[in-house]
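*Asks:* For reference, the structure I am asking about is given below.
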Amino acid sequence: MKPGVISMERLMELLHDAPCRRFNIPTDTGFTVFDLNDTYRIDPADFLSMGKATPFTGWEVQGRCLLTAAGETAAWYDADRLLKGE
């Protein structure tokens, strides 16, 4: 995480609290693990979905999702990074 860019409290508000309120999502249904220090370029070829259209192609971004859990189940995880300890 880059100091002075955004506080952890604001990050949690934007990524968790506000979407839960907006879409009436219970707050105890799951969680997501991010590596906030990872940077990478957005490449639609890496997208898991069939939709590849994005205005952000080539942008360098910071923060990568490593795991998404729903209930007691891992709905998705990045095995290459998560299991190898990167």
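Letters A, B, ... go to the chains of the structure tokens in the order shown; residues in each chain start at 1; ligands are counted from 1 in the same order.
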As a PyMOL selection string, please: every residue in range 55-84 of chain A that a backbone DSSP assignment puts in alpha helix (DSSP H).

*Replies:* chain A and resi 79-82

*Asks:* How would you write, as a PDB file with N, CA, C and O atoms, in the first residue's frame, the set of residues in chain A that DSSP gives as strand (DSSP E or B)?

*Replies:*
ATOM      1  N   GLY A  30     -18.950 -13.462   3.413  1.00  0.00           N
ATOM      2  CA  GLY A  30     -17.695 -13.882   2.805  1.00  0.00           C
ATOM      3  C   GLY A  30     -16.628 -12.826   2.982  1.00  0.00           C
ATOM      4  O   GLY A  30     -16.808 -11.845   3.701  1.00  0.00           O
ATOM      5  N   PHE A  31     -15.509 -13.044   2.301  1.00  0.00           N
ATOM      6  CA  PHE A  31     -14.419 -12.085   2.376  1.00  0.00           C
ATOM      7  C   PHE A  31     -13.517 -12.233   1.160  1.00  0.00           C
ATOM      8  O   PHE A  31     -13.597 -13.230   0.424  1.00  0.00           O
ATOM      9  N   THR A  32     -12.667 -11.244   0.948  1.00  0.00           N
ATOM     10  CA  THR A  32     -11.710 -11.242  -0.154  1.00  0.00           C
ATOM     11  C   THR A  32     -10.348 -10.874   0.404  1.00  0.00           C
ATOM     12  O   THR A  32     -10.238 -10.014   1.278  1.00  0.00           O
ATOM     13  N   VAL A  33      -9.308 -11.542  -0.098  1.00  0.00           N
ATOM     14  CA  VAL A  33      -7.935 -11.265   0.316  1.00  0.00           C
ATOM     15  C   VAL A  33      -7.219 -10.605  -0.858  1.00  0.00           C
ATOM     16  O   VAL A  33      -7.245 -11.136  -1.978  1.00  0.00           O
ATOM     17  N   PHE A  34      -6.608  -9.448  -0.590  1.00  0.00           N
ATOM     18  CA  PHE A  34      -5.863  -8.712  -1.610  1.00  0.00           C
ATOM     19  C   PHE A  34      -4.394  -8.623  -1.227  1.00  0.00           C
ATOM     20  O   PHE A  34      -4.057  -8.546  -0.049  1.00  0.00           O
ATOM     21  N   ASP A  35      -3.533  -8.597  -2.224  1.00  0.00           N
ATOM     22  CA  ASP A  35      -2.138  -8.204  -2.040  1.00  0.00           C
ATOM     23  C   ASP A  35      -2.073  -6.756  -2.483  1.00  0.00           C
ATOM     24  O   ASP A  35      -2.085  -6.461  -3.678  1.00  0.00           O
ATOM     25  N   LEU A  36      -2.061  -5.844  -1.518  1.00  0.00           N
ATOM     26  CA  LEU A  36      -2.109  -4.415  -1.824  1.00  0.00           C
ATOM     27  C   LEU A  36      -0.801  -3.879  -2.373  1.00  0.00           C
ATOM     28  O   LEU A  36      -0.742  -2.754  -2.855  1.00  0.00           O
ATOM     29  N   ASN A  37       0.266  -4.661  -2.337  1.00  0.00           N
ATOM     30  CA  ASN A  37       1.565  -4.214  -2.842  1.00  0.00           C
ATOM     31  C   ASN A  37       1.844  -4.675  -4.269  1.00  0.00           C
ATOM     32  O   ASN A  37       2.809  -4.225  -4.881  1.00  0.00           O
ATOM     33  N   ASP A  38       1.036  -5.565  -4.801  1.00  0.00           N
ATOM     34  CA  ASP A  38       1.273  -6.089  -6.145  1.00  0.00           C
ATOM     35  C   ASP A  38       0.836  -5.070  -7.190  1.00  0.00           C
ATOM     36  O   ASP A  38      -0.258  -4.512  -7.108  1.00  0.00           O
ATOM     37  N   THR A  39       1.692  -4.808  -8.175  1.00  0.00           N
ATOM     38  CA  THR A  39       1.332  -3.942  -9.297  1.00  0.00           C
ATOM     39  C   THR A  39       1.408  -4.759 -10.581  1.00  0.00           C
ATOM     40  O   THR A  39       2.229  -5.665 -10.712  1.00  0.00           O
ATOM     41  N   TYR A  40       0.521  -4.437 -11.513  1.00  0.00           N
ATOM     42  CA  TYR A  40       0.496  -5.140 -12.797  1.00  0.00           C
ATOM     43  C   TYR A  40      -0.245  -4.294 -13.825  1.00  0.00           C
ATOM     44  O   TYR A  40      -0.941  -3.344 -13.474  1.00  0.00           O
ATOM     45  N   ARG A  41      -0.066  -4.628 -15.092  1.00  0.00           N
ATOM     46  CA  ARG A  41      -0.775  -3.953 -16.182  1.00  0.00           C
ATOM     47  C   ARG A  41      -2.035  -4.744 -16.533  1.00  0.00           C
ATOM     48  O   ARG A  41      -2.002  -5.975 -16.607  1.00  0.00           O
ATOM     49  N   GLU A  60      -1.364   0.556 -15.513  1.00  0.00           N
ATOM     50  CA  GLU A  60      -0.699  -0.098 -14.392  1.00  0.00           C
ATOM     51  C   GLU A  60      -1.509   0.182 -13.139  1.00  0.00           C
ATOM     52  O   GLU A  60      -1.821   1.326 -12.832  1.00  0.00           O
ATOM     53  N   VAL A  61      -1.864  -0.873 -12.431  1.00  0.00           N
ATOM     54  CA  VAL A  61      -2.688  -0.750 -11.229  1.00  0.00           C
ATOM     55  C   VAL A  61      -1.998  -1.428 -10.056  1.00  0.00           C
ATOM     56  O   VAL A  61      -1.097  -2.243 -10.229  1.00  0.00           O
ATOM     57  N   GLN A  62      -2.436  -1.077  -8.872  1.00  0.00           N
ATOM     58  CA  GLN A  62      -1.860  -1.649  -7.660  1.00  0.00           C
ATOM     59  C   GLN A  62      -2.949  -2.355  -6.879  1.00  0.00           C
ATOM     60  O   GLN A  62      -4.045  -1.821  -6.705  1.00  0.00           O
ATOM     61  N   GLY A  63      -2.632  -3.554  -6.390  1.00  0.00           N
ATOM     62  CA  GLY A  63      -3.568  -4.350  -5.604  1.00  0.00           C
ATOM     63  C   GLY A  63      -4.145  -5.471  -6.438  1.00  0.00           C
ATOM     64  O   GLY A  63      -4.762  -5.235  -7.463  1.00  0.00           O
ATOM     65  N   ARG A  64      -3.914  -6.705  -6.023  1.00  0.00           N
ATOM     66  CA  ARG A  64      -4.394  -7.864  -6.781  1.00  0.00           C
ATOM     67  C   ARG A  64      -5.198  -8.766  -5.848  1.00  0.00           C
ATOM     68  O   ARG A  64      -4.789  -9.049  -4.729  1.00  0.00           O
ATOM     69  N   CYS A  65      -6.339  -9.226  -6.329  1.00  0.00           N
ATOM     70  CA  CYS A  65      -7.161 -10.168  -5.580  1.00  0.00           C
ATOM     71  C   CYS A  65      -6.476 -11.531  -5.577  1.00  0.00           C
ATOM     72  O   CYS A  65      -6.056 -12.030  -6.616  1.00  0.00           O
ATOM     73  N   LEU A  66      -6.354 -12.112  -4.391  1.00  0.00           N
ATOM     74  CA  LEU A  66      -5.758 -13.441  -4.256  1.00  0.00           C
ATOM     75  C   LEU A  66      -6.788 -14.518  -3.961  1.00  0.00           C
ATOM     76  O   LEU A  66      -6.596 -15.682  -4.304  1.00  0.00           O
ATOM     77  N   LEU A  67      -7.884 -14.126  -3.272  1.00  0.00           N
ATOM     78  CA  LEU A  67      -8.866 -15.115  -2.839  1.00  0.00           C
ATOM     79  C   LEU A  67     -10.201 -14.431  -2.614  1.00  0.00           C
ATOM     80  O   LEU A  67     -10.244 -13.330  -2.058  1.00  0.00           O
ATOM     81  N   THR A  68     -11.279 -15.088  -3.039  1.00  0.00           N
ATOM     82  CA  THR A  68     -12.628 -14.644  -2.721  1.00  0.00           C
ATOM     83  C   THR A  68     -13.358 -15.826  -2.106  1.00  0.00           C
ATOM     84  O   THR A  68     -13.414 -16.900  -2.714  1.00  0.00           O
ATOM     85  N   ALA A  69     -13.871 -15.641  -0.906  1.00  0.00           N
ATOM     86  CA  ALA A  69     -14.581 -16.704  -0.195  1.00  0.00           C
ATOM     87  C   ALA A  69     -16.037 -16.311  -0.019  1.00  0.00           C
ATOM     88  O   ALA A  69     -16.349 -15.162   0.249  1.00  0.00           O
ATOM     89  N   ALA A  70     -16.912 -17.292  -0.201  1.00  0.00           N
ATOM     90  CA  ALA A  70     -18.343 -17.101   0.020  1.00  0.00           C
ATOM     91  C   ALA A  70     -18.765 -18.159   1.022  1.00  0.00           C
ATOM     92  O   ALA A  70     -18.647 -19.358   0.750  1.00  0.00           O
ATOM     93  N   THR A  73     -16.592 -21.459   1.628  1.00  0.00           N
ATOM     94  CA  THR A  73     -16.022 -22.000   0.409  1.00  0.00           C
ATOM     95  C   THR A  73     -15.207 -20.949  -0.331  1.00  0.00           C
ATOM     96  O   THR A  73     -15.635 -19.800  -0.454  1.00  0.00           O
ATOM     97  N   ALA A  74     -14.062 -21.346  -0.846  1.00  0.00           N
ATOM     98  CA  ALA A  74     -13.279 -20.462  -1.715  1.00  0.00           C
ATOM     99  C   ALA A  74     -13.966 -20.443  -3.072  1.00  0.00           C
ATOM    100  O   ALA A  74     -13.975 -21.439  -3.795  1.00  0.00           O
ATOM    101  N   ALA A  75     -14.578 -19.312  -3.417  1.00  0.00           N
ATOM    102  CA  ALA A  75     -15.261 -19.184  -4.698  1.00  0.00           C
ATOM    103  C   ALA A  75     -14.256 -19.023  -5.828  1.00  0.00           C
ATOM    104  O   ALA A  75     -14.495 -19.447  -6.952  1.00  0.00           O
ATOM    105  N   TRP A  76     -13.131 -18.407  -5.540  1.00  0.00           N
ATOM    106  CA  TRP A  76     -12.053 -18.222  -6.508  1.00  0.00           C
ATOM    107  C   TRP A  76     -10.769 -17.959  -5.743  1.00  0.00           C
ATOM    108  O   TRP A  76     -10.779 -17.329  -4.696  1.00  0.00           O
ATOM    109  N   TYR A  77      -9.646 -18.437  -6.265  1.00  0.00           N
ATOM    110  CA  TYR A  77      -8.346 -18.088  -5.703  1.00  0.00           C
ATOM    111  C   TYR A  77      -7.279 -18.179  -6.783  1.00  0.00           C
ATOM    112  O   TYR A  77      -7.419 -18.925  -7.745  1.00  0.00           O
TER     113      TYR A  77
END

*Asks:* In Å to one decimal, how far is CA of Ala79 in chain A from CA of Ala45 in chain A?

*Replies:*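 Distance reported for this atom pair: 18.1 Å.
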
*Asks:* State, in Å with one decimal place, the distance from CA of Asp28 in chain A to CA of Glu72 in chain A.

*Replies:*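 Those two atoms sit 11.0 Å apart.
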
*Asks:* Would you compute the distance between CA of Thr29 in chain A and CA of Leu15 in chain A? Give it in Å to one decimal.

*Replies:*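 Computing it gives 14.6 Å between the two atoms.
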